[in-house]
Every structure is written in C-alpha cells, then in structure tokens.
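J.: Could you have a look at this structure, given as structure tokens, before my questions?
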Amino acid sequence: MRGADLVVRTLANAGTRVIFSLSGNQIMPVYDACIDHGIKLVHTRHEAAAVFMADAYAQLTGKPGVALVTAAPGFANSVGALFTARQSESPVLLLSGDSPVSQDGMGAFQELDQVGVSAPMTKLSFRPKEAKQLGQDIARALQVTASGRPGPVHCALPFDLLNEDIGDMEAPASDRCEASETPPDPAAVKAILEALAAASRPIMLTGPSFNASRAGALLTELADAVDTPVVSMESPRGLKDPSLGDIASVLSQADVIISLGKRLDFTTGFAKPPAVAEKCRLLLVDPEPMVLESSKRAAGQRLVHASQADIGATIRALIGAGGKPGKRTAYREEIAAALSQKPGAPGPAAKAPIHPAHLCASIQRVLDKASDPILIIDGGEFGQWAQACLSAKTRLINGPSGAIGGTLCYAAAAKAARPEATVVVIMGDGTAGFHFAEFETAHRNNLPFVAVIGNDARWNAEYQIQLRDYGENRTYACELNPTRYDQAATGLGGHGEHVSEAGEIDAVLERALQSGVPACVNVTIEGVPAPAGPSH
C-alpha cells in the first residue's frame, strides 16, 4: 500500500465519488489509486477549471468538492479559483502534487513553497511530512473545509510520500472527515429574539453559504419562526445586486439588523449611513473570530450583541425558540415586494441586435418548463441582466469575489452532481473566453448543458465604465470580435447555433436542450448597461 492509496481510500471513505483534475507527473500515483476505489476523474483542460468544478459540486451537494492538480505551474494555475471558492464559502479540497520531501532545498523539479502561496486564500494550507499520516491529514482537511464557515483547504502532496510503501493501513472512517459544529450560546439566541420582539422593521442577513439554493427550506422556516424577513447576500454588487431589487432601501430603513454569518463589508456599505441607519441596532453571529471583529468595528456603538457560533446551529436554535408568528405579515410582504422588483421591460423585440431582457424572457420559459432547473449566471454586464431577470429554484452565480469566467466549469460540475437536472448557464462573450475548452471536457464526460452567450462584441462592463467616467471619446481597448462561439463549440464536440433575431430564440433553445450534448447558443445582443436598481 502506497501513500497515494491511503489518500484515495480516505477520500472514498468520506463519500468522494468524483475528483476534478488536470494531470501531471507528481499526481499520477493518485490517478492510479483511483482505479481501485472507483473514484471517477473528470479530467479538465485547465487547473483553474478543476477548482471551479469542485466549487460548484460542493455548492450543489453540500459535501466537499475535490480538485487535484500537479505541482508548481499546475498548482499556480489553480490559485485564482481558490479565491472565488473562499469568497463563495464553498467546501473545496485542493490536492496538489509537490516535489519530494527528501529533496527539499536541493532544487527539485518544480519545487515551490505552495503553502505560502495558497495560505491567504484558504482556511488551511499544509504540506504533509509523513506518508503514514496521509489518511489523518486528508480527514482533517475534509473536516476543516466544511466546519464553521465553509471554505477551501489546500494540501500539497510530496511525490515521495505518495509513492512510499506504508504496508497495510486502515484509512480514517467517514465520521473523522465530517464537520464539527459550534452551537450558539443560549444568551445569543435570547438576545436576538428580544431584539426582534422590540423591532418594527427588522432584517436578518445571511451570506453565500446560506443562500436560498444551498439552505433551501431552512431560511423559510427561520423567517416564519421569528416573523422576520431573511435576505441572503452573495453578489459583489451588494446593495446594487440586481437580483435583490430595492435591497438598498430595505436595508437603510431597518431598525434592527441580525447578521448571521454575513460580513459587514463593502457589500453592505460597511454598515455605515446611508446604507444602514445611524439608529439601527446590530446583532452579529459568525463562526470566524476575525470576521466577527471586523463586523464589530463596522457596527460601532450600534452593536447590541456579538458572539461566535456556527450559522446552521444558530438558525436551528432560533427556529426552535421562535416566538408567535403573524404580527409582521404586512411588513414581510412589503419587503418581499421590494426585493422582487425587476427592471422594466423594453419595447417590442427588435430583429437585431436583441435586447438582453428579451433574451432572458425566452430563457425563463425554458427554466419554468424544467422539473429540476439549475441556473448558472456569470458576472459582467450581460450577467447582471440575467441575475436581474431570471430565477430558478437552484441558482449559482460567480459569487462575492467578482471573478468571471468560471461558470462554464460550474455547468459541467452541476451535471456531474445532478445528472437529471436541466443545466442552463448564462455568460457574456468576454466571459466565454476564459474556459471555453471545457466544452470538450463536458462532451468527453457526457455532461450536457446549455450555455447561452450574450454576444455584444465587447467587454461591456468595462466599456460602460469608460463611457460613464471618461466619456464616449475615451472608450479604449474593450472591443472584441463578433466571434462565432457556436462554431467553436461544434468543433469541440458540442451543439452550436447562432441567433440574431428574437423570434428565433425559443426554437433554438429547444434544439439545444434536445441535442444531448453540451450546447452553445450564441446570441447577438444589444450592448446596453445592466440594470442599476431603483433610484431614490
């Protein structure tokens, strides 16, 4: 038995059934070990794609997603996606190959301080030193990814430890890999309930790991139990999040805000006026001491209570101790209406170019027909139109990091996580270029989805900044070619169609769904600015 076998056996015991990976010399022992333990490898075309896929898989399954990349340059390619996973609060385990421990400091092939590179973007980064401890190391890594605020962990696996013969060893059982939980202090639950009882316009905020797609009915139970609106914030646009309607007005008028794991950061205007009223009282619960301290500084003198605890445990405690619902029915309906505001519909659909809202209307019809739709939306200007106009029971976006380009990878992972789901991913033409080769990965692994590309032949988000801040005579270097991404997708094994008239969209989307392969619908759209939200 090699160290690599112990690594893979531990993953298998923990329930890992798929690893997203790009191969390389130092991790081939792990590939070999996966054969004996029935773990599927989804072999990607870029290391960052593997991490993005693990991120989406984790969000959709609630279990750690595992990515495996090779050392040094392969590892370095994966690092940017770690930042996105950290900000999205996704339990991801990144395993990277590494140079041999026995050659440390001698100039080994691809020797690099990987832990030093990844540490700022992970909950834990480490490099094992003993082959016989690899099982315990992997179990600890899996536990940390899912405990407290979920997030990525990086483990650099030295090549000599993976190949070392360690005899017959038992891998840690599944319970050694499960998350630990810190329950709330009963005083915290009491303080929250008392503050809510005295409030007129309270709001409860949660972060990405407790959004509607990941927390499901738990948030509805919480809102009903404490008779208070619960709002999940996960967009880098914060109070200008187009999917949250008039969230800015809602938050500014609140007299009590309960933050359940939601950082009081740039997305909330740092909880300062005018984003949050001067007289508003704030109560904070967070699993991480550093986040709790930064949020306490933002709250200042308005802080009523702050405590460290896991958010899931806190929510369940509040549900169990909730008061009598029904007193704030009208208020909750008012808030729901404000949050559901959508941008006004444009005029009649033009033949070309197509307005983003008209394209979204056709996509929404597809989502409404699906029994299990998964809607995935990237950032950028067209992405904001989609976030404003589209909805589905399960939705993944690019998250608080603001990074774009990963959602094509999300789509492949979504199909791996839920094979029977209808997966639709929305992106702009700039975004499409980051990981377009993963169409081949998806085709090779039989992971069909429909990717709709809003093609305005520019980096439109930055173009709009240039227009707004510098003037129409100062737009520069943000143009793109009107590329036929549909033809490129066909060349990679997928189905592709180009749409230039609004009347064609519905039929093209239906053909894409029926194609049974990864499909690209490349739509010529009008390069208009995204919805800015209500103004006051």
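Going through the structure tokens in order, the chains are called A, B, and so on, while each chain numbers its residues from 1 and the ligands are numbered from 1 in the order shown.
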Quick one: residues within 12 Å of Val423 of chain A, only C-alpha atoms, excluding same-chain residues fewer than 4 positions away - as an NGL selection string?

T.: :A and (363 or 366-367 or 370-377 or 392-396 or 407-419 or 447-452 or 512-513 or 516-519)

J.: Just the helix (DSSP H, G or I) stuff from segment 327-408 of chain A, please, per backbone DSSP, written as a PyMOL selection string.

T.: chain A and resi 329-339+356-369+380-389+407-408

J.: Suppose we keep N, CA, C and O atoms; can you now write the selection as a compact mmCIF listing (two decimals), in the first residue's frame?

T.:
# COMPACT_ATOMS: atom_id res chain seq x y z
N THR A 329 -46.86 40.35 9.19
CA THR A 329 -47.22 39.83 7.87
C THR A 329 -47.17 40.91 6.81
O THR A 329 -46.57 40.72 5.74
N ALA A 330 -47.78 42.06 7.08
CA ALA A 330 -47.80 43.15 6.10
C ALA A 330 -46.40 43.66 5.81
O ALA A 330 -46.04 43.93 4.65
N TYR A 331 -45.60 43.77 6.84
CA TYR A 331 -44.22 44.24 6.67
C TYR A 331 -43.41 43.25 5.83
O TYR A 331 -42.68 43.65 4.91
N ARG A 332 -43.55 41.97 6.10
CA ARG A 332 -42.81 40.97 5.34
C ARG A 332 -43.25 40.97 3.87
O ARG A 332 -42.42 40.79 2.97
N GLU A 333 -44.52 41.19 3.61
CA GLU A 333 -44.99 41.28 2.23
C GLU A 333 -44.42 42.52 1.54
O GLU A 333 -44.06 42.47 0.35
N GLU A 334 -44.32 43.61 2.28
CA GLU A 334 -43.73 44.83 1.73
C GLU A 334 -42.27 44.61 1.33
O GLU A 334 -41.83 45.01 0.25
N ILE A 335 -41.53 43.94 2.21
CA ILE A 335 -40.12 43.68 1.93
C ILE A 335 -39.98 42.72 0.74
O ILE A 335 -39.12 42.90 -0.14
N ALA A 336 -40.81 41.69 0.70
CA ALA A 336 -40.76 40.74 -0.41
C ALA A 336 -41.02 41.44 -1.74
O ALA A 336 -40.36 41.15 -2.75
N ALA A 337 -41.96 42.38 -1.75
CA ALA A 337 -42.26 43.12 -2.97
C ALA A 337 -41.08 43.99 -3.39
O ALA A 337 -40.74 44.07 -4.58
N ALA A 338 -40.43 44.61 -2.42
CA ALA A 338 -39.27 45.46 -2.73
C ALA A 338 -38.12 44.65 -3.30
O ALA A 338 -37.44 45.06 -4.24
N LEU A 339 -37.91 43.47 -2.73
CA LEU A 339 -36.79 42.63 -3.17
C LEU A 339 -37.06 41.97 -4.52
O LEU A 339 -36.11 41.57 -5.22
N PRO A 356 -31.08 42.33 -24.09
CA PRO A 356 -30.87 41.27 -23.10
C PRO A 356 -32.14 40.83 -22.38
O PRO A 356 -32.29 39.64 -22.07
N ALA A 357 -33.05 41.75 -22.12
CA ALA A 357 -34.28 41.38 -21.41
C ALA A 357 -35.15 40.46 -22.25
O ALA A 357 -35.81 39.56 -21.71
N HIS A 358 -35.18 40.65 -23.55
CA HIS A 358 -35.95 39.76 -24.42
C HIS A 358 -35.34 38.37 -24.46
O HIS A 358 -36.05 37.35 -24.43
N LEU A 359 -34.02 38.31 -24.50
CA LEU A 359 -33.35 37.01 -24.45
C LEU A 359 -33.64 36.30 -23.13
O LEU A 359 -33.94 35.11 -23.11
N CYS A 360 -33.59 37.04 -22.05
CA CYS A 360 -33.86 36.45 -20.73
C CYS A 360 -35.29 35.91 -20.63
O CYS A 360 -35.53 34.88 -19.98
N ALA A 361 -36.22 36.59 -21.26
CA ALA A 361 -37.61 36.12 -21.23
C ALA A 361 -37.74 34.73 -21.85
O ALA A 361 -38.47 33.86 -21.34
N SER A 362 -37.02 34.51 -22.93
CA SER A 362 -37.05 33.18 -23.56
C SER A 362 -36.38 32.14 -22.68
O SER A 362 -36.86 31.00 -22.56
N ILE A 363 -35.27 32.50 -22.05
CA ILE A 363 -34.57 31.57 -21.16
C ILE A 363 -35.44 31.21 -19.97
O ILE A 363 -35.47 30.05 -19.53
N GLN A 364 -36.17 32.19 -19.43
CA GLN A 364 -37.03 31.91 -18.29
C GLN A 364 -38.10 30.90 -18.64
O GLN A 364 -38.47 30.05 -17.81
N ARG A 365 -38.59 30.93 -19.86
CA ARG A 365 -39.59 29.94 -20.27
C ARG A 365 -38.99 28.53 -20.25
O ARG A 365 -39.68 27.56 -19.88
N VAL A 366 -37.74 28.40 -20.62
CA VAL A 366 -37.06 27.10 -20.55
C VAL A 366 -36.95 26.64 -19.10
O VAL A 366 -37.24 25.47 -18.77
N LEU A 367 -36.55 27.54 -18.23
CA LEU A 367 -36.40 27.19 -16.81
C LEU A 367 -37.74 26.80 -16.19
O LEU A 367 -37.81 25.87 -15.38
N ASP A 368 -38.79 27.50 -16.56
CA ASP A 368 -40.11 27.23 -16.00
C ASP A 368 -40.64 25.86 -16.40
O ASP A 368 -41.41 25.24 -15.65
N LYS A 369 -40.24 25.38 -17.56
CA LYS A 369 -40.71 24.08 -18.03
C LYS A 369 -39.95 22.92 -17.39
O LYS A 369 -40.44 21.79 -17.36
N GLY A 380 -20.25 40.26 -15.17
CA GLY A 380 -20.27 41.07 -16.37
C GLY A 380 -21.62 41.72 -16.60
O GLY A 380 -22.60 41.48 -15.89
N GLU A 381 -21.69 42.53 -17.64
CA GLU A 381 -22.90 43.32 -17.87
C GLU A 381 -24.09 42.45 -18.26
O GLU A 381 -25.19 42.61 -17.73
N PHE A 382 -23.90 41.51 -19.18
CA PHE A 382 -25.00 40.63 -19.54
C PHE A 382 -25.37 39.73 -18.36
O PHE A 382 -26.55 39.42 -18.15
N GLY A 383 -24.39 39.32 -17.60
CA GLY A 383 -24.67 38.52 -16.41
C GLY A 383 -25.58 39.25 -15.43
O GLY A 383 -26.44 38.64 -14.79
N GLN A 384 -25.41 40.56 -15.31
CA GLN A 384 -26.27 41.33 -14.40
C GLN A 384 -27.70 41.42 -14.94
O GLN A 384 -28.66 41.40 -14.16
N TRP A 385 -27.85 41.49 -16.25
CA TRP A 385 -29.20 41.42 -16.83
C TRP A 385 -29.85 40.08 -16.46
O TRP A 385 -31.01 40.02 -16.05
N ALA A 386 -29.07 39.01 -16.59
CA ALA A 386 -29.60 37.68 -16.29
C ALA A 386 -29.94 37.55 -14.81
O ALA A 386 -30.98 36.98 -14.44
N GLN A 387 -29.07 38.07 -13.93
CA GLN A 387 -29.36 37.99 -12.50
C GLN A 387 -30.59 38.81 -12.14
O GLN A 387 -31.33 38.46 -11.22
N ALA A 388 -30.82 39.90 -12.85
CA ALA A 388 -32.00 40.73 -12.59
C ALA A 388 -33.28 40.08 -13.08
O ALA A 388 -34.34 40.21 -12.44
N CYS A 389 -33.22 39.38 -14.21
CA CYS A 389 -34.44 38.93 -14.88
C CYS A 389 -34.78 37.46 -14.68
O CYS A 389 -35.93 37.07 -14.87
N THR A 407 -18.07 29.96 -14.76
CA THR A 407 -19.37 29.31 -14.73
C THR A 407 -19.57 28.24 -15.81
O THR A 407 -20.45 27.39 -15.67
N LEU A 408 -18.79 28.26 -16.88
CA LEU A 408 -18.86 27.14 -17.82
C LEU A 408 -18.39 25.87 -17.11
O LEU A 408 -18.95 24.78 -17.32

J.: Sorted by chain and rising residue number, which residues of segment 297-342 of chain A lie within 12 Å of segment 205-224 of chain A, and what are their closest atom pairs and distances in Å to one decimal, counting only C-alpha atoms, as JSON lines?

T.:
{"residue": "A:Asp310", "atom": "CA", "partner": "A:Phe210", "partner_atom": "CA", "distance": 11.4}
{"residue": "A:Ile311", "atom": "CA", "partner": "A:Phe210", "partner_atom": "CA", "distance": 8.3}
{"residue": "A:Gly312", "atom": "CA", "partner": "A:Phe210", "partner_atom": "CA", "distance": 8.3}
{"residue": "A:Ala313", "atom": "CA", "partner": "A:Leu218", "partner_atom": "CA", "distance": 11.1}
{"residue": "A:Thr314", "atom": "CA", "partner": "A:Leu222", "partner_atom": "CA", "distance": 10.2}
{"residue": "A:Ile315", "atom": "CA", "partner": "A:Leu222", "partner_atom": "CA", "distance": 6.6}
{"residue": "A:Arg316", "atom": "CA", "partner": "A:Leu222", "partner_atom": "CA", "distance": 7.8}
{"residue": "A:Ala317", "atom": "CA", "partner": "A:Leu222", "partner_atom": "CA", "distance": 9.6}
{"residue": "A:Leu318", "atom": "CA", "partner": "A:Leu222", "partner_atom": "CA", "distance": 7.1}
{"residue": "A:Ile319", "atom": "CA", "partner": "A:Leu222", "partner_atom": "CA", "distance": 5.4}
{"residue": "A:Gly320", "atom": "CA", "partner": "A:Leu222", "partner_atom": "CA", "distance": 9.2}
{"residue": "A:Ala321", "atom": "CA", "partner": "A:Leu222", "partner_atom": "CA", "distance": 10.3}
{"residue": "A:Gly322", "atom": "CA", "partner": "A:Leu222", "partner_atom": "CA", "distance": 8.2}
{"residue": "A:Gly323", "atom": "CA", "partner": "A:Asp224", "partner_atom": "CA", "distance": 9.4}
{"residue": "A:Lys324", "atom": "CA", "partner": "A:Asp224", "partner_atom": "CA", "distance": 9.1}
{"residue": "A:Pro325", "atom": "CA", "partner": "A:Asp224", "partner_atom": "CA", "distance": 6.2}
{"residue": "A:Gly326", "atom": "CA", "partner": "A:Asp224", "partner_atom": "CA", "distance": 8.2}
{"residue": "A:Lys327", "atom": "CA", "partner": "A:Asp224", "partner_atom": "CA", "distance": 10.7}
{"residue": "A:Arg328", "atom": "CA", "partner": "A:Asp224", "partner_atom": "CA", "distance": 10.0}
{"residue": "A:Thr329", "atom": "CA", "partner": "A:Asp224", "partner_atom": "CA", "distance": 9.7}
{"residue": "A:Arg332", "atom": "CA", "partner": "A:Ala223", "partner_atom": "CA", "distance": 9.1}
{"residue": "A:Glu333", "atom": "CA", "partner": "A:Ala223", "partner_atom": "CA", "distance": 11.9}
{"residue": "A:Ala336", "atom": "CA", "partner": "A:Ala223", "partner_atom": "CA", "distance": 11.7}

J.: Using only C-alpha atoms, which residue out of A:Arg9, A:His154, A:Arg511, A:His443 lies closest to His43 of chain A?

T.: A:His443

J.: Segment 131-138 of chain A: which residues within 12 Å, counting only C-alpha atoms, same-chain residues fewer than 2 positions away excluded, as number ranges by chain?

T.: A: 1-14, 16, 64, 66, 93-95, 100-101, 124-129, 140-145, 153-178

J.: Need the shell around Gly503 of chain A: protein/DNA/RNA residues with any atom at most 12 Å away, counting only C-alpha atoms. Skip same-chain ones fewer than 5 positions apart. Format as an MDAnalysis selection string?

T.: chainID A and resid 348:354 358:359 361:362 508:509 523

J.: Pick out the residues sitting within 9 Å of Val79 of chain A, and hand them over as an NGL selection string; count only C-alpha atoms, and ignore anything fewer than 2 positions along from it in its own chain.

T.: :A and (47-48 or 51 or 75-77 or 81-83 or 117-118 or 121)

J.: Determine which residues of segment 214-358 of chain A receive a DSSP assignment of strand (DSSP E), computed from the backbone, and state them as a PDB file with N, CA, C and O atoms, in the first residue's frame.

T.:
ATOM      1  N   VAL A 230     -35.752  37.327   5.871  1.00  0.00           N
ATOM      2  CA  VAL A 230     -34.376  36.839   5.820  1.00  0.00           C
ATOM      3  C   VAL A 230     -33.860  37.069   4.404  1.00  0.00           C
ATOM      4  O   VAL A 230     -34.469  36.621   3.435  1.00  0.00           O
ATOM      5  N   VAL A 231     -32.747  37.773   4.291  1.00  0.00           N
ATOM      6  CA  VAL A 231     -32.183  38.128   2.989  1.00  0.00           C
ATOM      7  C   VAL A 231     -30.781  37.549   2.876  1.00  0.00           C
ATOM      8  O   VAL A 231     -29.933  37.795   3.737  1.00  0.00           O
ATOM      9  N   SER A 232     -30.538  36.790   1.826  1.00  0.00           N
ATOM     10  CA  SER A 232     -29.198  36.252   1.556  1.00  0.00           C
ATOM     11  C   SER A 232     -28.485  37.169   0.578  1.00  0.00           C
ATOM     12  O   SER A 232     -29.032  37.509  -0.469  1.00  0.00           O
ATOM     13  N   VAL A 256     -33.470  47.119  13.118  1.00  0.00           N
ATOM     14  CA  VAL A 256     -32.636  46.057  13.702  1.00  0.00           C
ATOM     15  C   VAL A 256     -32.141  45.175  12.569  1.00  0.00           C
ATOM     16  O   VAL A 256     -32.932  44.735  11.723  1.00  0.00           O
ATOM     17  N   ILE A 257     -30.835  44.927  12.540  1.00  0.00           N
ATOM     18  CA  ILE A 257     -30.250  44.013  11.563  1.00  0.00           C
ATOM     19  C   ILE A 257     -29.546  42.893  12.324  1.00  0.00           C
ATOM     20  O   ILE A 257     -28.691  43.153  13.171  1.00  0.00           O
ATOM     21  N   ILE A 258     -29.929  41.657  12.010  1.00  0.00           N
ATOM     22  CA  ILE A 258     -29.287  40.478  12.581  1.00  0.00           C
ATOM     23  C   ILE A 258     -28.402  39.880  11.492  1.00  0.00           C
ATOM     24  O   ILE A 258     -28.903  39.406  10.478  1.00  0.00           O
ATOM     25  N   SER A 259     -27.104  39.915  11.676  1.00  0.00           N
ATOM     26  CA  SER A 259     -26.180  39.343  10.701  1.00  0.00           C
ATOM     27  C   SER A 259     -25.806  37.931  11.118  1.00  0.00           C
ATOM     28  O   SER A 259     -25.117  37.731  12.118  1.00  0.00           O
ATOM     29  N   LEU A 260     -26.257  36.964  10.348  1.00  0.00           N
ATOM     30  CA  LEU A 260     -25.948  35.557  10.595  1.00  0.00           C
ATOM     31  C   LEU A 260     -24.900  35.104   9.587  1.00  0.00           C
ATOM     32  O   LEU A 260     -25.208  34.586   8.520  1.00  0.00           O
ATOM     33  N   ARG A 281     -29.931  49.141  15.241  1.00  0.00           N
ATOM     34  CA  ARG A 281     -29.184  48.284  16.161  1.00  0.00           C
ATOM     35  C   ARG A 281     -28.747  47.012  15.428  1.00  0.00           C
ATOM     36  O   ARG A 281     -29.500  46.471  14.621  1.00  0.00           O
ATOM     37  N   LEU A 282     -27.528  46.554  15.723  1.00  0.00           N
ATOM     38  CA  LEU A 282     -26.963  45.413  15.009  1.00  0.00           C
ATOM     39  C   LEU A 282     -26.579  44.304  15.972  1.00  0.00           C
ATOM     40  O   LEU A 282     -26.002  44.560  17.031  1.00  0.00           O
ATOM     41  N   LEU A 283     -26.913  43.067  15.589  1.00  0.00           N
ATOM     42  CA  LEU A 283     -26.533  41.870  16.329  1.00  0.00           C
ATOM     43  C   LEU A 283     -25.799  40.941  15.379  1.00  0.00           C
ATOM     44  O   LEU A 283     -26.233  40.745  14.232  1.00  0.00           O
ATOM     45  N   LEU A 284     -24.691  40.366  15.817  1.00  0.00           N
ATOM     46  CA  LEU A 284     -23.810  39.606  14.948  1.00  0.00           C
ATOM     47  C   LEU A 284     -23.557  38.205  15.488  1.00  0.00           C
ATOM     48  O   LEU A 284     -23.268  38.030  16.675  1.00  0.00           O
ATOM     49  N   VAL A 285     -23.665  37.227  14.615  1.00  0.00           N
ATOM     50  CA  VAL A 285     -23.220  35.867  14.917  1.00  0.00           C
ATOM     51  C   VAL A 285     -22.350  35.431  13.750  1.00  0.00           C
ATOM     52  O   VAL A 285     -22.748  35.563  12.586  1.00  0.00           O
ATOM     53  N   ASP A 286     -21.150  34.914  14.045  1.00  0.00           N
ATOM     54  CA  ASP A 286     -20.255  34.497  12.980  1.00  0.00           C
ATOM     55  C   ASP A 286     -19.352  33.384  13.491  1.00  0.00           C
ATOM     56  O   ASP A 286     -18.955  33.394  14.668  1.00  0.00           O
ATOM     57  N   LEU A 303     -23.759  48.340  18.104  1.00  0.00           N
ATOM     58  CA  LEU A 303     -23.700  46.913  18.368  1.00  0.00           C
ATOM     59  C   LEU A 303     -24.435  46.561  19.660  1.00  0.00           C
ATOM     60  O   LEU A 303     -24.156  47.101  20.720  1.00  0.00           O
ATOM     61  N   VAL A 304     -25.373  45.626  19.538  1.00  0.00           N
ATOM     62  CA  VAL A 304     -26.143  45.152  20.692  1.00  0.00           C
ATOM     63  C   VAL A 304     -25.564  43.848  21.226  1.00  0.00           C
ATOM     64  O   VAL A 304     -25.484  43.628  22.433  1.00  0.00           O
ATOM     65  N   HIS A 305     -25.153  42.974  20.306  1.00  0.00           N
ATOM     66  CA  HIS A 305     -24.671  41.657  20.707  1.00  0.00           C
ATOM     67  C   HIS A 305     -23.772  41.104  19.606  1.00  0.00           C
ATOM     68  O   HIS A 305     -24.021  41.316  18.417  1.00  0.00           O
ATOM     69  N   ALA A 306     -22.717  40.377  19.997  1.00  0.00           N
ATOM     70  CA  ALA A 306     -21.852  39.683  19.050  1.00  0.00           C
ATOM     71  C   ALA A 306     -21.378  38.393  19.694  1.00  0.00           C
ATOM     72  O   ALA A 306     -20.977  38.381  20.861  1.00  0.00           O
ATOM     73  N   SER A 307     -21.440  37.300  18.954  1.00  0.00           N
ATOM     74  CA  SER A 307     -20.982  36.029  19.506  1.00  0.00           C
ATOM     75  C   SER A 307     -20.522  35.119  18.391  1.00  0.00           C
ATOM     76  O   SER A 307     -20.933  35.250  17.230  1.00  0.00           O
ATOM     77  N   GLN A 308     -19.655  34.160  18.750  1.00  0.00           N
ATOM     78  CA  GLN A 308     -19.128  33.193  17.795  1.00  0.00           C
ATOM     79  C   GLN A 308     -19.925  31.900  17.874  1.00  0.00           C
ATOM     80  O   GLN A 308     -20.093  31.331  18.953  1.00  0.00           O
TER      81      GLN A 308
END

J.: Atom CA of Pro183 of chain A and atom CA of Gly65 of chain A, how far apart in Å?

T.: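 Atom CA of Pro183 of chain A lies 24.8 Å from atom CA of Gly65 of chain A.
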
J.: Give me, as a ChimeraX atom specification, all polymer residues having an atom no more than 10 Å from segment 269-274 of chain A, counting only C-alpha atoms and skipping those fewer than 2 positions away in the same chain.

T.: /A:238-239,248-249,251-253,257,263-267,276-280,282,294-295,297-300

J.: What is the atom CA of Pro202 of chain A to atom CA of Asp255 of chain A distance in Å?

T.: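 Atom CA of Asp255 of chain A lies at a distance of 5.8 Å from atom CA of Pro202 of chain A.
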
J.: Could you give me, as a Markdown table, a per-residue list for segment 41-92 of chain A showing, wherever an atom lies at most 9 Å from an atom of segment 21-36 of chain A, the closest pair of atoms and their distance in Å to one decimal, using only C-alpha atoms and sorting by chain then residue number from low to high?

T.:
| residue | atom | partner | partner_atom | distance |
| --- | --- | --- | --- | --- |
| A:Leu41 | CA | A:Ser21 | CA | 6.6 |
| A:Val42 | CA | A:Ser21 | CA | 6.1 |
| A:His43 | CA | A:Ser21 | CA | 5.0 |
| A:Thr44 | CA | A:Leu22 | CA | 5.3 |
| A:Arg45 | CA | A:Leu22 | CA | 6.7 |
| A:His46 | CA | A:Leu22 | CA | 6.5 |
| A:Glu47 | CA | A:Leu22 | CA | 5.7 |
| A:Ala49 | CA | A:Ser21 | CA | 8.4 |
| A:Ala50 | CA | A:Ser21 | CA | 5.3 |
| A:Val51 | CA | A:Ser21 | CA | 8.2 |
| A:Val66 | CA | A:Ser21 | CA | 8.5 |
| A:Ala67 | CA | A:Ser21 | CA | 5.6 |
| A:Leu68 | CA | A:Ser21 | CA | 4.6 |
| A:Val69 | CA | A:Leu22 | CA | 5.4 |
| A:Thr70 | CA | A:Gly24 | CA | 4.9 |
| A:Ala71 | CA | A:Gln26 | CA | 6.6 |
| A:Gly74 | CA | A:Gly24 | CA | 7.8 |

J.: Which is closer to Ala489 of chain A than all the others in A:Gly116, A:Gly454, A:Gly471, A:Gly433, using only C-alpha atoms?

T.: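 Among the listed residues, A:Gly433 lies closest to Ala489 of chain A.
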